[in-house]
Every structure is written in C-alpha cells, then in structure tokens.
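Participant: Please find entry-v6.cif (mmCIF, C-alpha atoms) on the next line:
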```cif
data_final
loop_
_atom_site.label_atom_id
_atom_site.label_comp_id
_atom_site.auth_asym_id
_atom_site.auth_seq_id
_atom_site.Cartn_x
_atom_site.Cartn_y
_atom_site.Cartn_z
CA MET A 28 -44.59 -158.78 10.82
CA ARG A 29 -41.66 -160.17 8.83
CA LEU A 30 -40.89 -159.49 5.15
CA ALA A 31 -42.49 -162.80 4.11
CA GLU A 32 -45.77 -161.85 5.81
CA LEU A 33 -45.69 -158.37 4.27
CA CYS A 34 -45.35 -160.05 0.86
CA ALA A 35 -48.06 -162.62 1.56
CA GLU A 36 -50.45 -159.93 2.81
CA THR A 37 -50.05 -157.71 -0.26
CA GLY A 38 -49.17 -160.21 -3.00
CA VAL A 39 -46.01 -158.23 -3.79
CA PRO A 40 -42.90 -160.38 -4.49
CA ALA A 41 -40.02 -160.09 -1.99
CA ALA A 42 -37.63 -158.84 -4.70
CA THR A 43 -40.02 -155.97 -5.46
CA VAL A 44 -40.40 -155.05 -1.79
CA LYS A 45 -36.59 -155.03 -1.44
CA TYR A 46 -36.36 -152.77 -4.49
CA TYR A 47 -38.80 -150.30 -2.87
CA LEU A 48 -36.75 -150.42 0.34
CA ARG A 49 -33.52 -149.71 -1.56
CA GLU A 50 -35.18 -146.85 -3.47
CA GLY A 51 -36.47 -145.36 -0.23
CA LEU A 52 -40.12 -145.63 -1.33
CA LEU A 53 -40.83 -147.89 1.62
CA PRO A 54 -39.26 -146.97 5.01
CA VAL A 55 -36.89 -149.60 6.41
CA GLY A 56 -38.27 -151.91 9.11
CA ARG A 57 -37.17 -152.13 12.74
CA ARG A 58 -33.99 -154.21 12.62
CA LEU A 59 -34.19 -157.46 14.66
CA SER A 60 -30.87 -158.97 13.55
CA ALA A 61 -28.38 -158.59 10.71
CA THR A 62 -30.77 -160.30 8.28
CA ARG A 63 -34.22 -159.78 9.77
CA ALA A 64 -36.45 -156.75 10.24
CA GLU A 65 -39.91 -156.17 11.63
CA TYR A 66 -42.59 -154.31 9.63
CA GLY A 67 -45.80 -152.70 10.89
CA PRO A 68 -49.17 -151.43 9.65
CA ALA A 69 -47.55 -148.27 8.24
CA HIS A 70 -45.42 -150.42 5.92
CA LEU A 71 -48.48 -152.37 4.82
CA GLU A 72 -50.34 -149.16 4.09
CA ARG A 73 -47.41 -147.62 2.19
CA LEU A 74 -46.92 -150.78 0.15
CA ARG A 75 -50.62 -150.85 -0.81
CA LEU A 76 -50.40 -147.20 -1.80
CA ILE A 77 -47.32 -147.79 -3.98
CA ARG A 78 -48.93 -150.76 -5.73
CA ALA A 79 -52.20 -148.94 -6.33
CA LEU A 80 -50.36 -145.95 -7.80
CA ILE A 81 -48.08 -148.03 -10.04
CA GLU A 82 -50.20 -150.99 -11.08
CA ARG A 83 -53.53 -149.35 -11.56
CA GLY A 84 -53.00 -145.61 -11.38
CA GLY A 85 -50.36 -145.65 -14.12
CA VAL A 86 -47.92 -143.63 -11.99
CA THR A 87 -44.21 -144.13 -12.76
CA ILE A 88 -41.56 -144.99 -10.15
CA ASP A 89 -40.38 -141.38 -10.43
CA GLY A 90 -43.92 -140.21 -9.75
CA VAL A 91 -44.18 -142.49 -6.72
CA ARG A 92 -40.83 -141.15 -5.50
CA ARG A 93 -42.15 -137.58 -5.74
CA ILE A 94 -45.39 -138.44 -3.95
CA VAL A 95 -43.61 -140.34 -1.16
CA SER A 96 -41.07 -137.56 -0.74
CA ALA A 97 -43.86 -134.97 -0.54
CA ILE A 98 -45.73 -137.06 2.03
CA GLU A 99 -42.59 -137.41 4.14
CA ASN A 100 -41.58 -133.75 3.79
CA PRO A 101 -44.87 -131.90 3.83
CA PRO A 102 -44.88 -128.14 3.15
CA ALA A 103 -44.94 -125.93 6.22
CA SER A 104 -48.17 -124.14 5.46
CA ARG A 105 -51.51 -125.31 4.22
CA HIS A 106 -51.36 -122.60 1.60
CA ASP A 107 -48.60 -124.44 -0.27
CA PHE A 108 -49.68 -128.05 -0.04
CA LEU A 109 -51.88 -128.06 -3.13
CA GLY A 110 -49.10 -126.87 -5.41
CA GLU A 111 -46.63 -129.28 -3.78
CA ALA A 112 -49.03 -132.18 -4.24
CA GLN A 113 -49.66 -131.24 -7.86
CA GLN A 114 -45.95 -131.04 -8.57
CA ALA A 115 -45.49 -134.41 -6.85
CA ILE A 116 -47.96 -136.08 -9.19
CA ASP A 117 -47.23 -134.19 -12.41
CA GLY A 118 -43.49 -133.53 -12.13
CA PRO A 119 -41.66 -130.38 -13.12
CA PRO A 120 -43.29 -128.14 -15.74
CA PRO A 121 -42.47 -129.11 -19.34
CA PRO A 122 -40.40 -126.53 -21.31
CA VAL A 123 -43.18 -125.13 -23.50
CA ALA A 124 -44.24 -121.61 -24.44
CA VAL A 125 -47.72 -120.86 -23.11
CA SER A 126 -49.95 -119.88 -26.03
CA ALA A 127 -52.26 -116.88 -26.36
CA GLU A 128 -55.18 -119.36 -26.43
CA ALA A 129 -54.30 -120.80 -23.01
CA GLN A 130 -53.85 -117.28 -21.60
CA GLU A 131 -57.16 -116.13 -23.03
CA ALA A 132 -58.96 -119.18 -21.64
CA VAL A 133 -57.77 -118.66 -18.05
CA GLU A 134 -58.71 -114.98 -18.34
CA ARG A 135 -62.20 -115.85 -19.53
CA LEU A 136 -62.50 -118.45 -16.77
CA GLY A 137 -61.51 -115.88 -14.16
CA TRP A 138 -58.50 -117.84 -12.94
CA PRO A 139 -55.93 -115.02 -12.63
CA GLU A 140 -53.94 -116.78 -9.90
CA CYS A 141 -52.88 -119.79 -11.95
CA GLN A 142 -49.23 -120.75 -11.66
CA PRO A 143 -46.91 -120.88 -14.71
CA ALA A 144 -46.13 -124.54 -13.93
CA ARG A 145 -49.83 -125.51 -14.09
CA LEU A 146 -50.25 -123.58 -17.34
CA ALA A 147 -47.20 -125.29 -18.83
CA HIS A 148 -48.75 -128.71 -18.17
CA LEU A 149 -51.95 -127.54 -19.83
CA GLN A 150 -49.99 -126.19 -22.79
CA ALA A 151 -48.11 -129.50 -23.19
CA ALA A 152 -51.44 -131.34 -23.39
CA MET A 153 -52.69 -128.78 -25.94
CA ASP A 154 -49.50 -129.19 -28.01
CA THR A 155 -49.97 -132.98 -28.05
CA ALA A 156 -53.55 -132.60 -29.20
CA ALA A 157 -52.52 -130.18 -31.97
CA LEU A 158 -49.76 -132.56 -33.06
CA ALA A 159 -52.36 -135.33 -33.35
CA GLY A 160 -54.52 -133.08 -35.55
CA PHE A 161 -56.87 -131.82 -32.84
CA PRO A 162 -55.96 -128.24 -31.94
CA VAL A 163 -57.79 -127.21 -28.75
CA THR A 164 -59.86 -124.03 -29.12
CA VAL A 165 -60.32 -121.38 -26.45
CA ASP A 166 -64.04 -122.25 -26.39
CA ARG A 167 -63.22 -125.87 -25.58
CA LEU A 168 -60.87 -124.84 -22.77
CA VAL A 169 -63.52 -122.55 -21.30
CA ALA A 170 -66.30 -125.17 -21.54
CA TYR A 171 -64.09 -127.82 -19.93
CA GLY A 172 -62.80 -125.36 -17.32
CA GLN A 173 -66.30 -124.37 -16.22
CA ALA A 174 -67.25 -128.04 -15.83
CA LEU A 175 -64.06 -128.73 -13.87
CA GLU A 176 -64.83 -125.91 -11.44
CA GLN A 177 -67.68 -128.12 -10.21
CA VAL A 178 -65.28 -131.04 -9.90
CA ALA A 179 -62.75 -128.93 -7.97
CA LEU A 180 -65.52 -127.62 -5.71
CA PHE A 181 -66.40 -131.20 -4.79
CA ASP A 182 -62.71 -132.11 -4.38
CA LEU A 183 -62.00 -129.28 -1.97
CA GLU A 184 -65.18 -130.02 0.05
CA ALA A 185 -64.10 -133.66 0.33
CA LEU A 186 -60.62 -132.58 1.39
CA ALA A 187 -62.02 -130.35 4.11
CA ALA A 188 -64.32 -133.15 5.31
CA ASP A 189 -61.55 -135.77 5.49
CA PRO A 190 -60.30 -136.05 9.11
CA ARG A 191 -56.93 -137.23 7.74
CA SER A 192 -56.39 -133.81 6.17
CA ALA A 193 -56.11 -132.04 9.56
CA THR A 194 -52.30 -132.31 9.30
CA PRO A 195 -50.21 -131.04 6.35
CA GLU A 196 -49.00 -134.63 5.71
CA GLY A 197 -52.57 -135.89 5.62
CA ALA A 198 -53.78 -133.07 3.41
CA LEU A 199 -50.90 -133.60 1.01
CA THR A 200 -51.54 -137.34 0.84
CA HIS A 201 -55.20 -136.65 0.23
CA VAL A 202 -54.53 -134.25 -2.63
CA ALA A 203 -51.65 -136.16 -4.27
CA VAL A 204 -53.07 -139.66 -4.03
CA GLY A 205 -56.73 -138.68 -4.19
CA THR A 206 -56.18 -136.61 -7.32
CA VAL A 207 -54.20 -139.29 -9.18
CA VAL A 208 -56.69 -142.05 -8.49
CA THR A 209 -59.75 -139.93 -9.25
CA ASP A 210 -58.25 -138.69 -12.55
CA ALA A 211 -59.01 -142.21 -13.82
CA VAL A 212 -62.55 -142.05 -12.39
CA LEU A 213 -63.06 -138.74 -14.16
CA VAL A 214 -61.86 -140.15 -17.49
CA ALA A 215 -64.06 -143.27 -17.13
CA LEU A 216 -67.10 -141.11 -16.34
CA ARG A 217 -66.35 -138.95 -19.36
CA ARG A 218 -66.82 -142.03 -21.57
CA LEU A 219 -70.20 -142.73 -19.94
CA ALA A 220 -71.23 -139.09 -20.34
CA GLN A 221 -70.26 -139.18 -24.04
CA GLU A 222 -72.26 -142.37 -24.48
CA HIS A 223 -75.26 -140.77 -22.77
CA GLU A 224 -75.03 -137.63 -24.87
CA SER A 225 -74.56 -139.64 -28.07
CA GLU A 226 -77.57 -141.82 -27.26
CA ARG A 227 -79.63 -138.69 -26.62
CA ARG A 228 -78.63 -137.21 -29.99
CA PHE A 229 -78.28 -140.06 -32.41
CA ALA A 230 -80.53 -142.80 -31.07
CA SER A 231 -83.45 -141.32 -29.13
CA SER A 232 -84.35 -138.24 -31.15
CA PRO A 233 -86.31 -138.81 -34.36
CA ALA A 234 -84.22 -136.15 -36.12
CA ALA A 235 -81.18 -138.39 -35.90
CA ALA A 236 -82.70 -141.23 -37.88
CA PRO A 237 -81.81 -139.97 -41.39
CA GLU A 238 -78.25 -139.34 -40.27
CA ARG A 239 -77.92 -142.93 -39.16
CA ALA A 240 -79.49 -144.15 -42.36
CA THR A 241 -76.97 -142.14 -44.41
CA ALA A 242 -74.05 -143.70 -42.64
CA ALA A 243 -75.46 -147.26 -42.86
CA PRO A 244 -73.99 -149.64 -45.44
CA THR A 245 -75.92 -150.01 -48.69
CA MET B 27 -40.87 -139.24 -50.40
CA ARG B 28 -38.35 -141.91 -49.35
CA LEU B 29 -38.00 -143.45 -45.89
CA ALA B 30 -35.08 -141.11 -45.05
CA GLU B 31 -37.23 -138.05 -45.82
CA LEU B 32 -40.13 -139.42 -43.80
CA CYS B 33 -37.73 -139.80 -40.86
CA ALA B 34 -36.19 -136.35 -41.33
CA GLU B 35 -39.61 -134.72 -41.60
CA THR B 36 -40.93 -136.29 -38.37
CA GLY B 37 -37.76 -136.79 -36.34
CA VAL B 38 -38.60 -140.49 -35.96
CA PRO B 39 -35.60 -142.88 -36.31
CA ALA B 40 -35.65 -145.26 -39.30
CA ALA B 41 -35.61 -148.33 -37.02
CA THR B 42 -38.77 -147.08 -35.30
CA VAL B 43 -40.53 -146.40 -38.61
CA LYS B 44 -39.62 -149.92 -39.77
CA TYR B 45 -41.03 -151.32 -36.53
CA TYR B 46 -44.34 -149.52 -37.15
CA LEU B 47 -44.37 -150.88 -40.72
CA ARG B 48 -43.77 -154.45 -39.49
CA GLU B 49 -46.47 -154.06 -36.82
CA GLY B 50 -48.94 -152.76 -39.41
CA LEU B 51 -49.41 -149.45 -37.58
CA LEU B 52 -48.12 -147.60 -40.64
CA PRO B 53 -49.30 -148.80 -44.08
CA VAL B 54 -46.50 -150.00 -46.38
CA GLY B 55 -45.29 -147.54 -49.03
CA ARG B 56 -45.55 -147.92 -52.81
CA ARG B 57 -42.73 -150.27 -53.74
CA LEU B 58 -40.16 -148.77 -56.18
CA SER B 59 -37.60 -151.60 -56.09
CA ALA B 60 -36.69 -154.51 -53.83
CA THR B 61 -35.21 -152.16 -51.27
CA ARG B 62 -36.93 -148.83 -51.84
CA ALA B 63 -40.49 -147.59 -51.30
CA GLU B 64 -42.25 -144.29 -51.80
CA TYR B 65 -44.28 -142.67 -48.98
CA GLY B 66 -46.92 -139.95 -49.24
CA PRO B 67 -48.75 -137.37 -47.09
CA ALA B 68 -50.99 -140.10 -45.60
CA HIS B 69 -47.89 -141.82 -44.17
CA LEU B 70 -46.63 -138.54 -42.76
CA GLU B 71 -49.99 -137.89 -41.11
CA ARG B 72 -50.25 -141.41 -39.69
CA LEU B 73 -46.70 -141.25 -38.35
CA ARG B 74 -47.40 -137.94 -36.62
CA LEU B 75 -50.57 -139.40 -35.12
CA ILE B 76 -48.72 -142.48 -33.80
CA ARG B 77 -45.97 -140.36 -32.25
CA ALA B 78 -48.42 -137.94 -30.64
CA LEU B 79 -50.41 -140.82 -29.16
CA ILE B 80 -47.36 -142.71 -27.85
CA GLU B 81 -44.91 -139.99 -26.85
CA ARG B 82 -47.20 -137.44 -25.38
CA GLY B 83 -50.63 -139.04 -25.06
CA GLY B 84 -49.26 -141.96 -23.02
CA VAL B 85 -51.01 -144.51 -25.29
CA THR B 86 -49.40 -147.97 -25.45
CA ILE B 87 -48.46 -149.76 -28.69
CA ASP B 88 -51.49 -152.00 -28.10
CA GLY B 89 -53.67 -148.94 -27.77
CA VAL B 90 -52.26 -147.48 -31.00
CA ARG B 91 -52.92 -150.83 -32.70
CA ARG B 92 -56.56 -150.72 -31.59
CA ILE B 93 -57.00 -147.12 -32.73
CA VAL B 94 -55.37 -147.75 -36.12
CA SER B 95 -57.41 -150.91 -36.63
CA ALA B 96 -60.61 -149.06 -35.76
CA ILE B 97 -59.72 -146.23 -38.17
CA GLU B 98 -59.03 -148.72 -40.96
CA ASN B 99 -62.14 -150.83 -40.23
CA PRO B 100 -64.75 -148.29 -39.22
CA PRO B 101 -68.13 -149.53 -37.93
CA ALA B 102 -70.93 -149.62 -40.50
CA SER B 103 -73.29 -147.23 -38.74
CA ARG B 104 -72.80 -143.97 -36.96
CA HIS B 105 -74.72 -145.40 -34.03
CA ASP B 106 -71.84 -147.76 -33.21
CA PHE B 107 -68.78 -145.63 -33.77
CA LEU B 108 -68.67 -144.08 -30.33
CA GLY B 109 -68.55 -147.45 -28.57
CA GLU B 110 -66.00 -148.75 -31.08
CA ALA B 111 -63.82 -145.69 -30.60
CA GLN B 112 -64.05 -146.00 -26.83
CA GLN B 113 -63.10 -149.67 -26.96
CA ALA B 114 -60.21 -148.77 -29.26
CA ILE B 115 -58.77 -146.35 -26.74
CA ASP B 116 -59.62 -148.17 -23.50
CA GLY B 117 -59.30 -151.82 -24.50
CA PRO B 118 -61.57 -154.67 -23.45
CA PRO B 119 -63.52 -154.25 -20.19
CA PRO B 120 -61.57 -155.35 -17.08
CA PRO B 121 -63.00 -158.39 -15.23
CA VAL B 122 -64.55 -156.60 -12.26
CA ALA B 123 -67.91 -156.82 -10.52
CA VAL B 124 -69.84 -153.55 -10.89
CA SER B 125 -70.69 -152.24 -7.40
CA ALA B 126 -74.02 -151.04 -6.05
CA GLU B 127 -72.44 -147.56 -5.73
CA ALA B 128 -71.65 -147.37 -9.45
CA GLN B 129 -75.15 -148.62 -10.33
CA GLU B 130 -76.78 -146.09 -8.00
CA ALA B 131 -74.68 -143.26 -9.45
CA VAL B 132 -75.68 -143.93 -13.07
CA GLU B 133 -79.31 -144.21 -11.97
CA ARG B 134 -79.15 -140.86 -10.18
CA LEU B 135 -77.40 -139.34 -13.19
CA GLY B 136 -80.15 -140.60 -15.48
CA TRP B 137 -77.80 -142.62 -17.68
CA PRO B 138 -79.82 -145.84 -18.10
CA GLU B 139 -78.26 -146.70 -21.45
CA CYS B 140 -74.71 -147.14 -20.23
CA GLN B 141 -72.92 -150.22 -21.50
CA PRO B 142 -71.51 -152.89 -19.12
CA ALA B 143 -68.03 -152.37 -20.68
CA ARG B 144 -68.06 -148.64 -19.84
CA LEU B 145 -69.25 -149.38 -16.30
CA ALA B 146 -66.50 -151.98 -15.86
CA HIS B 147 -63.85 -149.38 -16.72
CA LEU B 148 -65.41 -147.00 -14.19
CA GLN B 149 -65.50 -149.76 -11.57
CA ALA B 150 -61.82 -150.58 -12.17
CA ALA B 151 -60.91 -146.93 -11.54
CA MET B 152 -63.05 -146.96 -8.38
CA ASP B 153 -61.35 -150.17 -7.19
CA THR B 154 -57.92 -148.60 -7.68
CA ALA B 155 -58.96 -145.53 -5.70
CA ALA B 156 -60.32 -147.71 -2.87
CA LEU B 157 -57.11 -149.76 -2.85
CA ALA B 158 -55.13 -146.51 -2.45
CA GLY B 159 -57.29 -145.56 0.53
CA PHE B 160 -59.72 -143.28 -1.33
CA PRO B 161 -63.05 -145.06 -1.79
CA VAL B 162 -65.22 -143.14 -4.26
CA THR B 163 -68.66 -142.22 -2.89
CA VAL B 164 -71.89 -142.13 -4.90
CA ASP B 165 -72.06 -138.37 -4.26
CA ARG B 166 -68.63 -137.91 -5.84
CA LEU B 167 -69.61 -139.95 -8.89
CA VAL B 168 -72.79 -137.92 -9.32
CA ALA B 169 -71.00 -134.55 -8.90
CA TYR B 170 -68.31 -135.55 -11.40
CA GLY B 171 -70.87 -137.06 -13.77
CA GLN B 172 -72.96 -133.88 -13.87
CA ALA B 173 -69.85 -131.83 -14.65
CA LEU B 174 -68.82 -134.27 -17.37
CA GLU B 175 -72.23 -134.00 -19.04
CA GLN B 176 -71.17 -130.45 -19.97
CA VAL B 177 -67.87 -131.76 -21.29
CA ALA B 178 -69.63 -134.45 -23.36
CA LEU B 179 -72.09 -131.86 -24.68
CA PHE B 180 -69.17 -129.81 -25.97
CA ASP B 181 -67.44 -132.93 -27.34
CA LEU B 182 -70.48 -134.03 -29.35
CA GLU B 183 -71.06 -130.49 -30.68
CA ALA B 184 -67.43 -130.35 -31.81
CA LEU B 185 -67.76 -133.77 -33.42
CA ALA B 186 -70.86 -132.67 -35.34
CA ALA B 187 -69.11 -129.46 -36.45
CA ASP B 188 -65.96 -131.22 -37.70
CA PRO B 189 -66.19 -131.69 -41.49
CA ARG B 190 -63.88 -134.73 -41.16
CA SER B 191 -66.59 -136.54 -39.20
CA ALA B 192 -68.95 -136.78 -42.18
CA THR B 193 -67.64 -140.31 -42.85
CA PRO B 194 -67.60 -143.15 -40.28
CA GLU B 195 -63.77 -143.30 -40.58
CA GLY B 196 -63.51 -139.59 -39.88
CA ALA B 197 -65.97 -139.68 -37.00
CA LEU B 198 -64.15 -142.63 -35.46
CA THR B 199 -60.78 -140.92 -35.78
CA HIS B 200 -62.24 -137.79 -34.24
CA VAL B 201 -63.68 -139.66 -31.24
CA ALA B 202 -60.76 -142.05 -30.66
CA VAL B 203 -57.91 -139.61 -31.16
CA GLY B 204 -59.77 -136.52 -30.00
CA THR B 205 -60.83 -138.19 -26.76
CA VAL B 206 -57.38 -139.56 -25.89
CA VAL B 207 -55.61 -136.26 -26.44
CA THR B 208 -58.24 -134.16 -24.67
CA ASP B 209 -58.25 -136.50 -21.63
CA ALA B 210 -54.85 -134.94 -20.83
CA VAL B 211 -56.25 -131.43 -21.38
CA LEU B 212 -59.10 -132.24 -18.99
CA VAL B 213 -56.70 -133.51 -16.32
CA ALA B 214 -54.44 -130.45 -16.69
CA LEU B 215 -57.43 -128.11 -16.40
CA ARG B 216 -58.59 -129.99 -13.31
CA ARG B 217 -55.31 -128.98 -11.60
CA LEU B 218 -55.90 -125.33 -12.52
CA ALA B 219 -59.50 -125.52 -11.28
CA GLN B 220 -58.32 -127.02 -7.97
CA GLU B 221 -55.73 -124.25 -7.63
CA HIS B 222 -58.41 -121.64 -8.32
CA GLU B 223 -60.83 -123.15 -5.81
CA SER B 224 -58.08 -123.55 -3.20
CA GLU B 225 -57.01 -119.91 -3.66
CA ARG B 226 -60.63 -118.82 -3.28
CA ARG B 227 -60.98 -120.78 -0.01
CA PHE B 228 -57.66 -120.65 1.76
CA ALA B 229 -55.97 -117.49 0.53
CA SER B 230 -58.55 -114.87 -0.45
CA SER B 231 -61.19 -115.28 2.23
CA PRO B 232 -60.42 -113.79 5.66
CA ALA B 233 -61.92 -116.88 7.32
CA ALA B 234 -59.02 -118.95 6.02
CA ALA B 235 -56.33 -116.92 7.76
CA PRO B 236 -56.46 -118.68 11.16
CA GLU B 237 -56.31 -122.05 9.43
CA ARG B 238 -53.12 -121.06 7.66
CA ALA B 239 -51.64 -119.71 10.86
CA THR B 240 -52.35 -123.01 12.64
CA ALA B 241 -50.53 -125.00 9.99
CA ALA B 242 -47.56 -122.63 9.85
CA PRO B 243 -44.33 -123.70 11.58
CA THR B 244 -43.68 -122.24 15.02
#
```
Represent the structure of the file as structure tokens.

Facilitator:
Amino acid sequence: MRLAELCAETGVPAATVKYYLREGLLPVGRRLSATRAEYGPAHLERLRLIRALIERGGVTIDGVRRIVSAIENPPASRHDFLGEAQQAIDGPPPPVAVSAEAQEAVERLGWPECQPARLAHLQAAMDTAALAGFPVTVDRLVAYGQALEQVALFDLEALAADPRSATPEGALTHVAVGTVVTDAVLVALRRLAQEHESERRFASSPAAAPERATAAPT
Amino acid sequence: MRLAELCAETGVPAATVKYYLREGLLPVGRRLSATRAEYGPAHLERLRLIRALIERGGVTIDGVRRIVSAIENPPASRHDFLGEAQQAIDGPPPPVAVSAEAQEAVERLGWPECQPARLAHLQAAMDTAALAGFPVTVDRLVAYGQALEQVALFDLEALAADPRSATPEGALTHVAVGTVVTDAVLVALRRLAQEHESERRFASSPAAAPERATAAPT
C-alpha cells in the first residue's frame, strides 16, 4: 500500500508517519520511484504498535526508540531477553543509592538475583514517594512483592504459551510491549481492588458504621 | 519565608512557583506589601508535593489540579473519599464500552460493587493492550485481580494506621497521593518479580538449559 493508505488505515497523519520514518521507528518502504514507496502489513503492524505505546501506553518517543531497537536487535540468548526488554521500556537505571530498606525487602522476598538496574528503578520510585510524604516501608515492599510474584508467574506462563515468543525477537516484543500495556491494566485493577476492599471494610461491616458517622458533616 | 527562600529551599525556579500560584495549585502567601508575600511550612509542603507528583510521579498539571482541588474540598463522608481520590488521580472515565471479558472478570473476582468509572478505566487499558497486539484474557484479569486484593488489603491497613487519615482531608491526601506514588513502586517491583520468576525458570532449573542452547547464536 502507499503512504496515503497507511495513513487512512491507521488514522495517523502523513507528517507523523514521515517523522517516524525519519527517526527510524518505522522501517522505510520498498522504493517505487523517487517520491513513492510501497508499505506492507509489517509497516501497518509497527505503526499500530507505536501509536498504542505513545497515545495510550504513555510511552515517550525515546521509550519507543528503545523498544523498536530491542525488537530489531534481539539479544542472542533467551537468558538475556527479559533484562533487555525491561531496559528498553524503563531506560537506563537512575543514579540513586539503593537503600537498606530496598535491600532488606529483596532479601526477605528471596530475590537474591535481582539486578542493580532493577533495584535502582525501585529505589527511584521509593524516593519519589518519600519526597511526596509517603515513605515506603519494608513491610509494604514485601507485601507488594509477594502479590507481584503471582502476577509474574502468570506473565511468564503467558509468555511461554505465546507462539510468537518462540524466537528471541518475538519473546522480546512480548515482554517489552506486553509489560508496558499490562502495567496500565494492573494499575486500573488496583483501583478496583481498593474499592472492593474499602466497601468490605467501611460499607458492609456493621463495625464501620460509627466511623462513617464520625466523618459525616454535622 | 519569602519567595526567594521558598525557591532556594525546594530548588524550584521562581517563575515556576509563580505559575503554580497563578494556577491555584499553591495557595497565595500572606501579603506583606504590594510586591512581597510571606510563605509558611504549608507552602513548602505543598510545593514539595507538587514537584514529587509532576517530576517523578509522572502526574500532569491537570492531575495535580484535581488532586489539590480534592485535598482542599474533601468529600463529606469517609464512604466517598476513596472514589473521589481515585477520580482525582485518574480523571473522568474514558468513553469506552465495557466488554463482556471485563464484566466476567469482576464477577469471578467477586467484586460486584465496582463503579462504572473504575471499569471504564480498566477497559481503556485493555483496549490499549489489544491495539498493541496483546488482548487481555479473563484469566489474566482474574490472576492479576487476586494478587491486587493483597495489595489493596495492605493499602487499606496502612490508611487506617496513618494518623493523618483521621480527617477526610488527610484520608483523601493519603489515598490520592499515596496511590499515585506507590503505583510506580508496584510497577518497579513487578519488574523484579518477573526477573525472579524468569531466573527460576530459565536459569536455575536444569530443564531450561536446552532451551537456552537453542536460542544461542551458532
């Protein structure tokens, strides 16, 4: 298909598609003449991926560049692809000093193999929380970590079951893209879980009634 | 303290502080003369909160506006604050049609009380994932949801234990700010949990060795 069709099919303006081509996010088409090129299903798929990541996944152009580069240059062994994919979506580790709390939490969780880069990202999130007046305790890290082991268990099962992940490229795409887009699912479900737990505590149980009455306006 | 001290203390440029004042994100100081105002610890705290939310929590100015407005106009009863806080951080529900998959998942999770707005945010995240080539199955939603019940349990315990949450304002601040900043902690821990689970599967167990060998370069 031509550029105009690619745009019509995806709703992406031509100027934007040309920008992605210049930036190398979208591979160039098969040249037909000095001014025309032909695009195929792979371009359509890549363009949809870029738009989903940027528009709705909140990924920056730099993040997309890292993901695309990782997809196009997959690591040689399966052993490395997870770390590569994580670096593609999260970027280089922030320059923070990992706290004793973070260290203690991964020890209590039994995660001795965790990489310094992963820990640095965790520490940066903890530093932000502390700066906003919500220091994260070791107990919170351990409670969250145990819950997320279940999430990771599901993630790795799904990865193994995905026929696309038979190749390193496919596995990397699955982890990088699949993780970014399901981060948002996880966060949305957390809101529902909080609502459920709050309902259970404050609305359904008779013991909560006085508490509500106290907080009600006079 | 004067504006210059407020800036020096927080590292925020004067032009930015003035922007927050104009936008109503930061309350105006006590006026000393036509051109000078006095700021107190509450201003310092608010400014730190705004910076933490924007710079490191990835919250937009609109999001900060919603959080600040919710903190300054807390809901009358404790029963409502969670929904108010969630709306403050996530904004109005996106205009999406909730799928049968999402409905089935909340039924299987036993979350009958969930609000349409919360479900719409979940659906939007699911739509993004599908658009990126990763449709979210009911099984995934249920697995994630069960894990997040543990997270929510911890969150509500921590809320109840926080002396600041005795007032509706305090409880709302705790939920709105605490949830935004710990979303990033949750996501960072998810990466560590994936790494742990991947290590357990592909590196430590002897069964994984042939798989690695297959993917290795020749």

Participant: How many Å separate atom CA of Glu35 of chain B from atom CA of Thr193 of chain B?

Facilitator: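 Answer for the atom CA of Glu35 of chain B to atom CA of Thr193 of chain B separation: 28.6 Å.
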
Participant: Given the choices A:Arg73, A:Val178, A:Cys141, A:Ala152, which gets closest to Thr209 of chain A if the distance is worked out from all atoms listed in the file?

Facilitator: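 Between A:Arg73, A:Val178, A:Cys141, A:Ala152, the residue approaching Thr209 of chain A most closely is A:Val178.
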
Participant: Name every residue that the PyMOL selection byres ((chain B and resi 133-138) around 9) selects in this structure, writing the answer as a PyMOL selection string with chains first and numbers rising.

Facilitator: (chain A and resi 219-220+222-223) or (chain B and resi 128-132+139-141+167-168+171-172)

Participant: Those residues you just picked out, can you put them in a file as a PDB file, in the frame of the given file with C-alpha atoms?

Facilitator:
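Here's the written file result.pdb:
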```
ATOM      1  CA  LEU A 219     -70.200-142.730 -19.940  1.00  0.00           C
ATOM      2  CA  ALA A 220     -71.230-139.090 -20.340  1.00  0.00           C
ATOM      3  CA  GLU A 222     -72.260-142.370 -24.480  1.00  0.00           C
ATOM      4  CA  HIS A 223     -75.260-140.770 -22.770  1.00  0.00           C
TER       5      HIS A 223
ATOM      6  CA  ALA B 128     -71.650-147.370  -9.450  1.00  0.00           C
ATOM      7  CA  GLN B 129     -75.150-148.620 -10.330  1.00  0.00           C
ATOM      8  CA  GLU B 130     -76.780-146.090  -8.000  1.00  0.00           C
ATOM      9  CA  ALA B 131     -74.680-143.260  -9.450  1.00  0.00           C
ATOM     10  CA  VAL B 132     -75.680-143.930 -13.070  1.00  0.00           C
ATOM     11  CA  GLU B 139     -78.260-146.700 -21.450  1.00  0.00           C
ATOM     12  CA  CYS B 140     -74.710-147.140 -20.230  1.00  0.00           C
ATOM     13  CA  GLN B 141     -72.920-150.220 -21.500  1.00  0.00           C
ATOM     14  CA  LEU B 167     -69.610-139.950  -8.890  1.00  0.00           C
ATOM     15  CA  VAL B 168     -72.790-137.920  -9.320  1.00  0.00           C
ATOM     16  CA  GLY B 171     -70.870-137.060 -13.770  1.00  0.00           C
ATOM     17  CA  GLN B 172     -72.960-133.880 -13.870  1.00  0.00           C
TER      18      GLN B 172
END
```

Participant: Go through the shown structure with the PyMOL selection byres ((chain B and resi 94) around 10) and write out the matching residues as a PyMOL selection string.

Facilitator: chain B and resi 50-52+72+75-76+88-93+95-100+114+199+202-203

Participant: Can you find the residues with an atom no farther than 6 Å from (-58.9, -128.7, -18.9), counting only C-alpha atoms, and report them as a ChimeraX atom specification?

Facilitator: /A:168,171-172 /B:211-216

Participant: Let me make sure I understand: among A:Arg29, A:Arg191, A:His148, A:Arg227, which one has the smallest atom-to-atom distance to chain B if we use all atoms listed in the file?

Facilitator: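 Between A:Arg29, A:Arg191, A:His148, A:Arg227, the residue approaching chain B most closely is A:His148.
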